[in-house]
Every structure is written in C-alpha cells, then in structure tokens.
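Asks: Got a structure for you, coords_39.txt, holding compact mmCIF, C-alpha atoms and all ligand atoms.
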# COMPACT_ATOMS: atom_id res chain seq x y z
CA MET A 24 -5.32 -23.10 42.03
CA SER A 25 -2.84 -25.54 40.56
CA ARG A 26 -0.17 -24.08 38.30
CA PRO A 27 0.86 -26.01 35.17
CA VAL A 28 4.01 -28.06 35.59
CA SER A 29 6.93 -26.33 33.87
CA ALA A 30 9.38 -28.07 31.54
CA VAL A 31 12.06 -27.83 34.27
CA SER A 32 9.75 -29.51 36.80
CA GLN A 33 8.91 -32.27 34.32
CA MET A 34 12.63 -32.98 34.04
CA LEU A 35 12.99 -32.91 37.84
CA GLU A 36 10.02 -35.26 38.21
CA ARG A 37 11.88 -38.00 36.37
CA ASN A 38 14.88 -37.49 38.70
CA GLN A 39 12.85 -37.59 41.88
CA ALA A 40 15.04 -40.29 43.45
CA LEU A 41 17.55 -37.52 44.10
CA PHE A 42 15.19 -35.85 46.58
CA VAL A 43 13.89 -38.84 48.56
CA GLY A 44 14.60 -38.55 52.29
CA LYS A 45 16.57 -35.31 51.92
CA ARG A 46 16.50 -32.18 54.06
CA LEU A 47 16.03 -30.03 50.99
CA LEU A 48 16.32 -26.29 50.44
CA VAL A 49 14.76 -25.00 47.20
CA CYS A 50 15.28 -21.52 45.79
CA GLY A 51 15.57 -19.52 42.57
CA ALA A 52 13.17 -19.11 39.65
CA LEU A 53 10.25 -21.10 41.05
CA GLU A 54 7.14 -21.02 38.88
CA ASP A 55 4.81 -23.91 39.61
CA ASP A 56 3.45 -26.28 42.27
CA TYR A 57 6.31 -28.76 41.99
CA PRO A 58 7.65 -27.98 45.53
CA ARG A 59 4.39 -29.49 46.86
CA GLN A 60 5.43 -32.80 45.30
CA LEU A 61 8.90 -32.38 46.78
CA ALA A 62 7.29 -31.95 50.21
CA GLU A 63 5.97 -35.53 49.88
CA LEU A 64 9.34 -36.99 48.88
CA THR A 65 11.71 -35.24 51.23
CA ASP A 66 12.40 -35.64 54.93
CA SER A 67 11.99 -31.86 55.28
CA LEU A 68 11.57 -29.02 52.82
CA ALA A 69 12.24 -25.27 52.90
CA VAL A 70 11.34 -23.12 49.92
CA PHE A 71 12.97 -19.70 49.77
CA THR A 72 11.60 -17.22 47.27
CA THR A 73 12.33 -13.59 46.49
CA ASP A 74 9.14 -13.43 44.37
CA TYR A 75 6.06 -12.26 46.32
CA CYS A 76 3.70 -13.38 43.56
CA TYR A 77 5.03 -16.93 43.82
CA TYR A 78 4.92 -16.76 47.63
CA LEU A 79 1.25 -15.74 47.58
CA SER A 80 0.42 -18.59 45.20
CA GLN A 81 2.03 -21.27 47.40
CA GLN A 82 1.64 -19.99 50.94
CA ALA A 83 -1.67 -21.73 51.66
CA ALA A 84 -0.30 -25.11 50.54
CA LEU A 85 3.23 -24.88 51.93
CA GLY A 86 2.59 -22.86 55.12
CA GLU A 87 5.78 -22.30 57.10
CA ARG A 88 7.81 -24.26 54.57
CA ILE A 89 7.86 -21.24 52.24
CA LEU A 90 9.65 -18.03 53.09
CA PHE A 91 9.64 -14.74 51.16
CA ASP A 92 12.65 -12.54 51.89
CA HIS A 93 15.92 -11.17 50.50
CA GLN A 94 18.03 -13.23 52.90
CA LEU A 95 17.99 -16.58 54.72
CA GLY A 96 20.34 -17.24 57.61
CA GLY A 97 21.02 -19.74 60.38
CA ALA A 98 23.16 -22.81 61.04
CA PRO A 99 23.88 -25.57 58.49
CA ARG A 100 20.74 -27.73 58.45
CA PHE A 101 20.16 -28.97 54.89
CA ASP A 102 21.78 -31.85 53.03
CA ALA A 103 20.56 -30.85 49.55
CA LEU A 104 20.05 -27.61 47.64
CA LEU A 105 17.94 -27.27 44.50
CA LEU A 106 18.54 -23.97 42.73
CA LEU A 107 16.26 -23.17 39.80
CA MET A 108 18.40 -20.95 37.62
CA PRO A 109 17.29 -17.31 37.79
CA LYS A 110 17.43 -15.09 34.72
CA ALA A 111 20.39 -13.05 36.03
CA LYS A 112 23.63 -14.97 36.60
CA ALA A 113 24.58 -12.51 39.36
CA GLU A 114 21.38 -13.50 41.21
CA ALA A 115 22.34 -17.19 40.94
CA GLN A 116 25.74 -16.36 42.44
CA TYR A 117 24.04 -14.39 45.23
CA LEU A 118 21.66 -17.25 46.06
CA LEU A 119 24.44 -19.85 46.04
CA ALA A 120 26.64 -17.71 48.31
CA MET A 121 23.72 -17.18 50.71
CA MET A 122 22.59 -20.82 50.76
CA ALA A 123 26.02 -22.50 50.97
CA PRO A 124 26.51 -21.70 54.72
CA LEU A 125 23.15 -23.39 55.41
CA LEU A 126 24.35 -26.67 53.89
CA GLU A 127 26.23 -29.50 55.56
CA THR A 128 29.54 -30.64 54.05
CA GLY A 129 28.86 -33.18 51.31
CA ALA A 130 25.39 -31.75 50.57
CA ASP A 131 23.99 -32.27 47.07
CA LEU A 132 24.07 -29.17 44.88
CA LEU A 133 21.42 -29.41 42.17
CA LEU A 134 21.05 -26.69 39.58
CA ALA A 135 18.23 -26.89 37.04
CA GLY A 136 16.93 -24.60 34.34
CA GLU A 137 16.15 -23.95 30.72
CA ASN A 138 19.10 -24.13 28.32
CA ARG A 139 18.30 -20.64 27.00
CA GLY A 140 18.27 -19.36 30.60
CA GLY A 141 21.97 -19.99 31.12
CA ILE A 142 21.84 -23.33 32.96
CA ASN A 143 24.80 -24.54 30.94
CA GLY A 144 27.02 -22.17 32.91
CA ALA A 145 26.11 -24.15 36.05
CA ASP A 146 29.44 -25.99 36.17
CA LYS A 147 31.29 -22.66 36.40
CA LEU A 148 28.91 -21.42 39.12
CA LEU A 149 29.42 -24.57 41.15
CA ALA A 150 33.22 -24.58 40.78
CA ALA A 151 33.62 -22.44 43.93
CA TYR A 152 31.71 -25.02 46.01
CA GLY A 153 32.88 -28.44 44.88
CA GLU A 154 34.58 -30.62 42.30
CA LYS A 155 33.33 -30.80 38.75
CA PRO A 156 29.55 -31.32 38.73
CA VAL A 157 27.95 -33.84 36.37
CA LYS A 158 25.09 -33.16 33.98
CA ARG A 159 22.44 -35.53 35.37
CA ASP A 160 19.76 -34.99 32.79
CA SER A 161 18.80 -33.00 29.76
CA ALA A 162 15.26 -32.95 28.41
CA ARG A 163 12.66 -30.56 27.01
CA ARG A 164 15.38 -27.93 26.44
CA CYS A 165 16.30 -28.04 30.14
CA SER A 166 19.29 -29.40 32.03
CA LEU A 167 20.05 -30.62 35.53
CA TYR A 168 23.54 -30.37 37.03
CA HIS A 169 24.59 -32.24 40.16
CA GLY A 170 27.59 -31.38 42.34
CA GLU A 171 28.58 -31.85 45.96
CA LEU A 172 29.56 -29.27 48.54
CA SER A 173 33.17 -30.19 49.23
CA LYS A 174 35.01 -26.87 49.47
CA PRO A 175 35.12 -24.63 52.57
CA VAL A 176 32.30 -22.10 52.71
CA THR A 177 32.64 -18.51 53.88
CA SER A 178 29.88 -16.74 55.81
CA PHE A 179 27.44 -14.67 53.77
CA LYS A 180 27.86 -10.89 54.00
CA LEU A 181 24.82 -9.14 52.57
CA ASP A 182 26.48 -5.71 52.34
CA ALA A 183 29.12 -7.01 49.94
CA TRP A 184 26.41 -7.84 47.37
CA PHE A 185 25.06 -4.32 46.82
CA SER A 186 26.19 -2.38 43.79
CA ARG A 187 26.31 1.34 44.46
CA TYR A 188 26.26 4.17 41.95
CA GLU A 189 25.50 7.86 41.76
CA CYS A 190 22.92 9.06 39.26
CA GLN A 191 21.53 12.39 38.16
CA ALA A 192 17.86 12.89 37.22
CA GLY A 193 17.38 16.53 36.22
CA ASP A 194 18.80 18.59 39.10
CA THR A 195 18.46 15.72 41.61
CA SER A 196 21.48 13.55 42.36
CA LEU A 197 20.94 10.20 44.05
CA THR A 198 22.99 7.34 45.43
CA VAL A 199 21.47 4.05 44.27
CA MET A 200 22.01 0.73 46.07
CA ALA A 201 21.02 -2.47 44.31
CA LEU A 202 21.22 -6.21 44.90
CA PRO A 203 21.98 -8.56 41.97
CA GLY A 204 19.24 -9.01 39.39
CA VAL A 205 17.36 -5.86 40.42
CA PHE A 206 16.32 -3.63 37.52
CA SER A 207 18.77 -0.76 36.98
CA ALA A 208 21.35 -2.43 39.25
CA ASP A 209 24.15 -0.93 37.15
CA GLY A 210 22.80 2.47 36.13
CA LEU A 211 19.68 4.58 35.76
CA ASP A 212 17.32 3.31 33.04
CA LEU A 213 16.78 5.82 30.23
CA GLY A 214 13.00 5.41 30.49
CA SER A 215 13.05 6.16 34.24
CA GLN A 216 15.28 9.14 33.52
CA MET A 217 12.77 10.52 31.01
CA LEU A 218 9.93 9.91 33.46
CA LEU A 219 11.75 11.79 36.25
CA ALA A 220 12.53 14.67 33.88
CA SER A 221 8.82 14.99 32.99
CA LEU A 222 7.36 15.17 36.50
CA PRO A 223 6.27 18.47 38.10
CA PRO A 224 6.64 19.28 41.85
CA MET A 225 4.40 17.03 43.96
CA THR A 226 2.72 16.94 47.38
CA GLY A 227 0.53 14.41 49.19
CA LYS A 228 0.89 10.63 48.93
CA LEU A 229 2.77 8.92 46.11
CA LEU A 230 2.87 5.28 45.06
CA ASP A 231 5.99 4.12 43.19
CA PHE A 232 4.73 0.88 41.63
CA GLY A 233 7.46 -1.65 40.70
CA CYS A 234 10.09 0.36 42.56
CA GLY A 235 13.15 -1.77 41.69
CA ALA A 236 16.13 -0.17 43.44
CA GLY A 237 13.90 2.75 44.47
CA VAL A 238 15.24 5.27 41.96
CA ILE A 239 11.87 6.91 41.20
CA GLY A 240 10.44 7.05 44.74
CA ALA A 241 13.73 8.20 46.27
CA THR A 242 14.36 10.90 43.63
CA LEU A 243 10.83 12.26 44.10
CA ALA A 244 11.17 12.17 47.91
CA LYS A 245 14.42 14.13 47.63
CA ARG A 246 12.91 16.72 45.29
CA ASN A 247 9.65 17.08 47.21
CA PRO A 248 10.37 17.00 50.97
CA GLU A 249 6.63 17.07 51.83
CA LEU A 250 5.79 14.09 49.64
CA GLN A 251 4.96 10.80 51.45
CA VAL A 252 6.44 8.07 49.28
CA ASN A 253 5.27 4.44 49.19
CA LEU A 254 7.38 1.98 47.24
CA VAL A 255 6.16 -1.48 46.25
CA ASP A 256 7.55 -4.39 44.25
CA ILE A 257 7.16 -8.17 44.05
CA SER A 258 10.90 -8.75 44.39
CA ALA A 259 12.36 -9.01 47.90
CA LEU A 260 15.74 -8.08 46.39
CA ALA A 261 14.20 -4.92 44.92
CA LEU A 262 12.51 -4.03 48.23
CA GLU A 263 15.73 -4.36 50.23
CA SER A 264 17.55 -2.32 47.55
CA SER A 265 14.90 0.42 47.81
CA ARG A 266 15.25 0.51 51.60
CA ARG A 267 19.02 0.90 51.22
CA THR A 268 18.66 3.57 48.53
CA LEU A 269 16.34 5.62 50.75
CA ALA A 270 18.70 5.19 53.73
CA ALA A 271 21.82 6.05 51.69
CA ASN A 272 20.20 9.37 50.79
CA GLY A 273 18.82 10.12 54.26
CA LEU A 274 15.22 9.79 52.99
CA GLN A 275 12.06 8.34 54.55
CA GLY A 276 9.52 6.15 52.80
CA LYS A 277 7.29 3.09 53.22
CA VAL A 278 8.63 0.08 51.35
CA HIS A 279 6.65 -3.16 51.14
CA ALA A 280 5.74 -6.13 48.98
CA SER A 281 2.69 -6.05 46.76
CA ASP A 282 1.70 -8.07 43.70
CA VAL A 283 0.10 -5.26 41.69
CA TYR A 284 -2.45 -3.95 44.27
CA SER A 285 -2.60 -7.07 46.50
CA ASP A 286 -1.24 -5.22 49.55
CA ILE A 287 -2.14 -1.61 48.74
CA GLU A 288 -4.56 0.25 50.97
CA GLY A 289 -5.91 3.79 50.70
CA LYS A 290 -5.65 6.33 47.92
CA PHE A 291 -2.81 8.33 46.43
CA GLN A 292 -2.47 11.76 44.81
CA HIS A 293 0.16 10.33 42.47
CA ILE A 294 0.92 6.90 41.09
CA VAL A 295 4.21 6.84 39.20
CA SER A 296 5.82 3.88 37.49
CA ASN A 297 8.19 2.43 34.95
CA PRO A 298 6.02 -0.70 34.88
CA PRO A 299 7.25 -4.24 34.26
CA PHE A 300 7.07 -5.71 30.80
CA HIS A 301 9.18 -8.84 31.19
CA ALA A 302 8.57 -11.70 33.55
CA GLY A 303 11.32 -14.27 33.60
CA LEU A 304 12.14 -15.19 30.06
CA LYS A 305 8.60 -14.65 28.75
CA THR A 306 7.25 -11.26 27.86
CA PHE A 307 3.80 -10.63 29.23
CA TYR A 308 1.78 -7.64 30.10
CA ALA A 309 -0.89 -9.03 32.41
CA ALA A 310 0.41 -7.43 35.62
CA THR A 311 0.89 -4.05 33.95
CA GLU A 312 -2.53 -4.14 32.31
CA THR A 313 -4.15 -4.85 35.68
CA PHE A 314 -2.03 -2.12 37.25
CA LEU A 315 -3.25 0.43 34.66
CA GLU A 316 -6.91 -0.68 34.61
CA LYS A 317 -7.30 -0.61 38.40
CA ALA A 318 -5.26 2.55 39.03
CA PRO A 319 -8.34 4.84 39.17
CA ALA A 320 -9.58 2.97 42.28
CA TYR A 321 -6.35 3.90 44.10
CA LEU A 322 -6.26 7.58 43.12
CA SER A 323 -7.82 10.43 45.06
CA ALA A 324 -10.28 12.72 43.24
CA ASN A 325 -7.63 15.00 41.72
CA GLY A 326 -5.04 12.21 41.41
CA SER A 327 -2.86 11.33 38.44
CA LEU A 328 -1.02 8.34 37.03
CA THR A 329 2.28 8.91 35.23
CA ILE A 330 4.09 6.04 33.53
CA VAL A 331 6.94 5.59 31.11
CA ALA A 332 6.88 2.75 28.62
CA ASN A 333 8.75 1.55 25.58
CA ALA A 334 7.21 3.31 22.59
CA PHE A 335 6.15 -0.04 21.03
CA LEU A 336 3.97 -1.01 24.01
CA ARG A 337 0.31 -0.25 23.37
CA TYR A 338 -0.81 1.24 26.66
CA LEU A 339 -2.64 4.29 25.29
CA PRO A 340 -5.93 2.42 24.53
CA ILE A 341 -5.97 0.99 28.07
CA LEU A 342 -5.31 4.39 29.63
CA GLU A 343 -7.95 6.05 27.45
CA ALA A 344 -10.50 3.40 28.43
CA HIS A 345 -10.01 3.96 32.17
CA PHE A 346 -9.14 7.68 32.50
CA LYS A 347 -10.96 10.82 31.33
CA GLN A 348 -7.81 12.46 30.12
CA THR A 349 -4.46 11.07 28.94
CA GLU A 350 -1.61 13.03 27.36
CA ILE A 351 1.92 12.20 26.29
CA ILE A 352 4.22 14.53 28.23
CA GLY A 353 7.56 13.18 27.03
CA SER A 354 8.74 11.04 24.13
CA ASP A 355 11.72 10.06 22.02
CA ALA A 356 12.35 7.21 19.58
CA LYS A 357 12.40 4.64 22.40
CA PHE A 358 10.08 5.79 25.22
CA LYS A 359 6.82 7.60 25.89
CA VAL A 360 5.69 9.20 29.17
CA TYR A 361 1.90 9.14 29.69
CA LEU A 362 0.07 11.35 32.19
CA SER A 363 -3.51 10.23 32.95
CA LYS A 364 -6.09 12.05 35.08
CA LEU A 365 -9.48 10.97 36.40
C1 LIG B 1 10.92 -1.78 34.69
S1 LIG B 1 11.28 -2.15 36.39
C2 LIG B 1 11.32 -0.52 37.10
C3 LIG B 1 12.18 -0.43 38.34
C4 LIG B 1 12.38 0.98 38.91
N1 LIG B 1 11.12 1.64 39.17
C5 LIG B 1 13.22 1.84 37.99
O1 LIG B 1 12.67 2.74 37.38
O2 LIG B 1 14.43 1.58 37.90
C6 LIG B 1 9.74 -2.84 36.93
C7 LIG B 1 9.69 -3.41 38.36
O3 LIG B 1 8.38 -3.95 38.55
C8 LIG B 1 8.49 -5.08 39.41
N2 LIG B 1 7.28 -5.94 39.22
C9 LIG B 1 7.11 -6.93 38.31
N3 LIG B 1 5.89 -7.49 38.45
C10 LIG B 1 5.29 -6.85 39.49
C11 LIG B 1 4.02 -7.00 40.13
N4 LIG B 1 3.16 -7.94 39.73
N5 LIG B 1 3.73 -6.19 41.18
C12 LIG B 1 4.64 -5.26 41.62
N6 LIG B 1 5.85 -5.07 41.03
C13 LIG B 1 6.17 -5.85 39.99
C14 LIG B 1 9.80 -5.73 39.00
O4 LIG B 1 10.30 -6.54 40.04
C15 LIG B 1 10.68 -4.50 38.69
O5 LIG B 1 11.44 -4.13 39.81
Could you show the structure in this file as structure tokens?
Ligand SMILES: C[S@@+](CC[C@H](N)C(=O)[O-])C[C@H]1O[C@@H](n2cnc3c(N)ncnc32)[C@H](O)[C@@H]1O
Replies:
Amino acid sequence: MSRPVSAVSQMLERNQALFVGKRLLVCGALEDDYPRQLAELTDSLAVFTTDYCYYLSQQAALGERILFDHQLGGAPRFDALLLLMPKAKAEAQYLLAMMAPLLETGADLLLAGENRGGINGADKLLAAYGEKPVKRDSARRCSLYHGELSKPVTSFKLDAWFSRYECQAGDTSLTVMALPGVFSADGLDLGSQMLLASLPPMTGKLLDFGCGAGVIGATLAKRNPELQVNLVDISALALESSRRTLAANGLQGKVHASDVYSDIEGKFQHIVSNPPFHAGLKTFYAATETFLEKAPAYLSANGSLTIVANAFLRYLPILEAHFKQTEIIGSDAKFKVYLSKL
C-alpha cells in the first residue's frame, strides 16, 4: 500500500537533481514511499532504518536495498547521505557518526526535516564533518541543509554510544544500557517504576511489549529466575539496548523485533507493558489500541495483561471491552496501572 508523501518528501521532490546518479545512503526518520522514487533517480540506493514498522512497509518494494538494524558497517561506498532528522538529536549524532565512515571524501551530506523537529540545528550537527553547510531549501515548514564531507572521519565504535545507569525498582537493582533516542535512556521512567512496584511474583512465559532498553523484562527476569522473558520492540536501537541490559545483568531472554504482534508466536502467562503513546512528533494510539484489543489471543487461559499508562489516556474502556476483569492496581496523579484477566 502506498503511503502518503510527507511534507519533507515533497520538499525533497523539488530538489531531486541532488540525487541523480548518486550512490545514495538514506537513513533517519523515514515515513513514506519516497525512497522508491529515489531508487529510480540514483545510481544505487541503500536505505537503513531502525524502525521495524517502516521496514515491513517497504521491504517488498525495496528488497535488499532496505536494511533494518542498529548498525551498518563496511568500507566507504556511498557518495551521498540523506539523513531525515530523527526526533532525538542524540540519535541524529549517532546516525551521522555511524554513516560517515561509509562515505567517500567529498560526499554530499543532506539533512532534511520539519522545522519543529530540530532540523535548524543541522549546521551544528554537520560542523564535525565539513565546512559550513548551506540551507538548500525551505518549504512546508521543512528545511534541507547541504554540506560536504571534508573533514577526517574516525571509525564508529558502537560501545561508546551506550549510556549506562543503575536503577532500583522495589528491591531489584538493575544496570541499564541504552543507545541514543531509546526511551528511558537517561533514567527509569516513573510509570515503569510504578508498574514494576505493582507486579507480584511470576512464573511461566512473559512478553515485555515495547521493551525499550529492557528495564521491565530484565527486572522481572532478575526477580523471578524461573520466568522466561520475551522482549519485543519496533526499534532496532531499543532491541540492541535490551540485549545489552540483559547481558550486563547476567540475565537470559529472547529479544526480537515485532510491530505489535507481527512476529509474536505462541501464548504467554503474562503480558506486561508501558505501551507507546507517541510516534515521531505526532501522538497516536493506534498501535497501543491494537496491542490491547488483541492481547487476549496471546494469553494462556489463566493469563494476565498488566500495563501502566498516563492517567489521561483512556484505556479502561478498551480493556473492559476485551477482558472479563480489569482492576487498577496502582495509581497516582500521573499514572495508572491496569491489571486485566481473561
Ligand atoms: C513508553 S516506551 C517503554 C519502554 C520500556 N518498556 C520502559 O518501560 O522503559 C514504549 C516502547 O514501545 C515501542 N513501540 C512503539 N511502537 C511499537 C510497535 N508498533 N510495536 C512494538 N513496540 C513499539 C517504542 O519503540 C518504545 O521503546
């Protein structure tokens, strides 16, 4: 299915001469089919995404030209980079540092994004890679910056990009490892903390949906040594962070990509989540609503779903429509913890 062309892509469309005949690497906050057009213009195209949802939407059309991962390596082989500005500036820095060693000297550095998404800090981001970039275009509340790779590039060291902190959830202490832009990269979220404080001892199979840096799944694995934890997220940066968090605490767990239930098989005794409520700069609840509505199909007969949500989010009617029993087992002015049973 074709995705609507975003404002950023409309701006890029009128600058398409920049891409003709290039060996182009595209990454960042991709959201539509525009890379398919780029495939027609360029000599070669590689699209790198950390968003599994986007990957699934483009894989059939782009085939091997699209890669979903937390890291891309190899020798310099591109002469142009198009970075669509991600929400978190630290993620933009991470992507630039990772992509720069894959670019030939003199490569075009193109940064595009919405003005409210921080694109106007692009000149500062690019300062480490070349001389002052120019603002090529500005339209539909978006901007396009153009620089050139002219400074020496250092090799990319993934380990240097993890933040590491210790956190305490009830009587469980945990070391958390997180890549830039991952939820809770700098400290345990208060909602997740309340959720972890509300959960009883557990056995069987657990699904941590939207695992982020793995705080929930890893804490529960540490508290309940018999529990088999499964952690899923759409973000490759979150998945790698979760793997590192488990490893840093000497814990075992299955970590893999899934867009809601796209890659989930089997049933669980427990589904636990601090579910997403932002996507990029727009707030929308579609993924979380689907997650809640379909949860019963992934729970075993005596299974339960426990989620924490901002108190203003109206999840109770959805839970009551799909579960026999729902109670609020924790709350304060900001968050509510819901426990639902079949
Ligand atoms: C509020 S954060 C919670 C992170 C972590 N569990 C914690 O408590 O710190 C929600 C997570 O859901 C992930 N997410 C967003 N949409 C998703 C989807 N469609 N399927 C799976 N995970 C998704 C986000 O990448 C994010 O890591």
Asks: Show which residues sit within 12 Å of A:Ser323, as a list in words. Count all atoms listed in the file, and ignore same-chain residues fewer than 6 positions away.
Replies: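 The neighbour list is Gly227, Lys228, Leu229, Leu230, Gly289, Lys290, Phe291, Gln292, His293, Ile294, Lys364 and Leu365 of chain A.
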Asks: List as an mmCIF file with C-alpha atoms, in the frame of the given file the residues having at least one atom at most 10 Å from position (15.8, 5.6, 30.4) as given in the file, counting all atoms listed in the file.
Replies:
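Writing the result to result-v9.cif gives the following:
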data_model
loop_
_atom_site.group_PDB
_atom_site.id
_atom_site.type_symbol
_atom_site.label_atom_id
_atom_site.label_comp_id
_atom_site.auth_asym_id
_atom_site.auth_seq_id
_atom_site.Cartn_x
_atom_site.Cartn_y
_atom_site.Cartn_z
ATOM 1 C CA SER A 207 18.770 -0.760 36.980
ATOM 2 C CA GLY A 210 22.800 2.470 36.130
ATOM 3 C CA LEU A 211 19.680 4.580 35.760
ATOM 4 C CA ASP A 212 17.320 3.310 33.040
ATOM 5 C CA LEU A 213 16.780 5.820 30.230
ATOM 6 C CA GLY A 214 13.000 5.410 30.490
ATOM 7 C CA SER A 215 13.050 6.160 34.240
ATOM 8 C CA GLN A 216 15.280 9.140 33.520
ATOM 9 C CA MET A 217 12.770 10.520 31.010
ATOM 10 C CA LEU A 218 9.930 9.910 33.460
ATOM 11 C CA LEU A 219 11.750 11.790 36.250
ATOM 12 C CA ASN A 297 8.190 2.430 34.950
ATOM 13 C CA VAL A 331 6.940 5.590 31.110
ATOM 14 C CA ALA A 332 6.880 2.750 28.620
ATOM 15 C CA ASN A 333 8.750 1.550 25.580
ATOM 16 C CA LYS A 357 12.400 4.640 22.400
ATOM 17 C CA PHE A 358 10.080 5.790 25.220
#
Asks: Closest to A:Gly237 among A:Val157, A:Leu47, A:Val295, A:Leu250, using all atoms listed in the file?
Replies: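 Closest to A:Gly237, using all atoms listed in the file: A:Val295.
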Asks: Determine, using only C-alpha atoms and all ligand atoms, which residues of chain A have any atom at most 7 Å from an atom of ligand LIG 1 (chain B), and tabulate each with its shortest atom pair and distance in Å to one decimal place, rows ordered by chain and then rising number, as a tab-separated table.
Replies:
residue	atom	partner	partner_atom	distance
A:Cys76	CA	B:LIG1	N4	6.7
A:Val205	CA	B:LIG1	O5	6.2
A:Phe206	CA	B:LIG1	C3	5.3
A:Ser207	CA	B:LIG1	O2	5.0
A:Leu211	CA	B:LIG1	O2	6.4
A:Asp212	CA	B:LIG1	O2	5.9
A:Ser215	CA	B:LIG1	O1	4.7
A:Asp231	CA	B:LIG1	N1	7.0
A:Phe232	CA	B:LIG1	N6	6.1
A:Gly233	CA	B:LIG1	O3	3.3
A:Cys234	CA	B:LIG1	N1	3.8
A:Gly235	CA	B:LIG1	O5	3.5
A:Ala236	CA	B:LIG1	C4	6.0
A:Gly237	CA	B:LIG1	C4	6.0
A:Val238	CA	B:LIG1	O2	5.5
A:Ile239	CA	B:LIG1	N1	5.7
A:Val255	CA	B:LIG1	C12	6.2
A:Asp256	CA	B:LIG1	N6	3.7
A:Ile257	CA	B:LIG1	N6	4.5
A:Ser258	CA	B:LIG1	O4	4.9
A:Ala261	CA	B:LIG1	O5	5.9
A:Ser281	CA	B:LIG1	C12	5.6
A:Asp282	CA	B:LIG1	N5	3.7
A:Val283	CA	B:LIG1	N5	3.8
A:Ser296	CA	B:LIG1	N1	6.0
A:Asn297	CA	B:LIG1	C2	4.8
A:Pro298	CA	B:LIG1	C6	4.8
A:Pro299	CA	B:LIG1	C6	3.9
A:Phe300	CA	B:LIG1	C1	6.7
A:Ala302	CA	B:LIG1	C9	6.9
A:Ala310	CA	B:LIG1	N4	5.0
Asks: Under the rule that only C-alpha atoms are counted, which of A:Ala52, A:Leu315, A:Ala271, A:Ala98 is the nearest residue to A:Glu127?
Replies: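 Using only C-alpha atoms, A:Glu127 sits closest to A:Ala98.
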Asks: Nearest residue to A:Thr198 out of A:Gly273, A:Gly97, A:Gly44, A:Pro58, using all atoms listed in the file?
Replies: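 For A:Thr198, the nearest of the candidates is A:Gly273.
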Asks: Would you compute the distance between atom CA of A:Gly136 and atom CA of A:His93? Give it in Å to one decimal.
Replies: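 A separation of 21.0 Å between them.
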Asks: May I ask which of the residues A:Pro124, A:Gly276, A:Gly193, A:Gly140 is the closest one to A:Leu104, counting only C-alpha atoms?
Replies: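 Under the stated criterion, the closest residue is A:Pro124.
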Asks: Pick out the closest residue to A:Pro99 from this set: A:Val28, A:Ser178, A:Leu362, A:Glu154. Count only C-alpha atoms.
Replies: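 Of A:Val28, A:Ser178, A:Leu362, A:Glu154, the one nearest A:Pro99 is A:Ser178, counting only C-alpha atoms.
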Asks: Using only C-alpha atoms, find the one residue out of A:Asn247, A:Thr268, A:Ser285, A:Ser67 that sits nearest to A:Glu87.
Replies: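 Closest to A:Glu87 of all the choices is A:Ser67.
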Asks: Around (0.4, 8.2, 32.8) in the file's frame, which residues reach within 6 Å when counting all atoms listed in the file? Return as a list in words?
Replies: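 Counting all atoms listed in the file, I find these residues within 6 Å of (0.4, 8.2, 32.8): Leu328, Thr329, Ile330, Tyr361, Leu362 and Ser363 of chain A.
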Asks: Between atom CA of A:Ala115 and atom CA of A:Gly51, measure the distance and give it in Å to one decimal.
Replies: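 Atom-to-atom, atom CA of A:Ala115 and atom CA of A:Gly51 are spaced 7.3 Å apart.
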Asks: What does the distance between atom CA of A:Asp209 and atom CA of A:Leu262 come to in Å, to one decimal place?
Replies: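 Calculated distance between atom CA of A:Asp209 and atom CA of A:Leu262 is 16.4 Å.
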Asks: Report as a PyMOL selection string all protein, DNA and RNA residues lying within 12 Å of A:Ala62, evaluated on only C-alpha atoms, omitting residues in the same chain fewer than 5 positions from it.
Replies: chain A and resi 39+42-49+56-57+67-70+84-89
Asks: Pick out the residues sitting within 10 Å of A:Arg139, and hand them over as a short mmCIF file (atom, residue, chain, number, x, y, z; two decimals) with C-alpha atoms, in the coordinates of the input; count all atoms listed in the file, and ignore anything fewer than 4 positions along from it in its own chain.
Replies:
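File produced: selection-v3.cif:
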data_model
loop_
_atom_site.label_atom_id
_atom_site.label_comp_id
_atom_site.auth_asym_id
_atom_site.auth_seq_id
_atom_site.Cartn_x
_atom_site.Cartn_y
_atom_site.Cartn_z
CA LYS A 110 17.43 -15.09 34.72
CA ASN A 143 24.80 -24.54 30.94
CA ARG A 164 15.38 -27.93 26.44
CA CYS A 165 16.30 -28.04 30.14
CA LEU A 304 12.14 -15.19 30.06
#
Asks: What lies within 8 Å of A:Ile341 using only C-alpha atoms, ignoring chain neighbours under 2 positions off, as an MDAnalysis selection string?
Replies: chainID A and resid 312 315:316 337:339 343:345
Asks: Which neighbours of A:Ala270 fall inside 10 Å, counting all atoms listed in the file, when residues of the same chain fewer than 4 positions from it are skipped, and could you give them as an NGL selection string?
Replies: :A and (198-200 or 241 or 264-266 or 274-276)
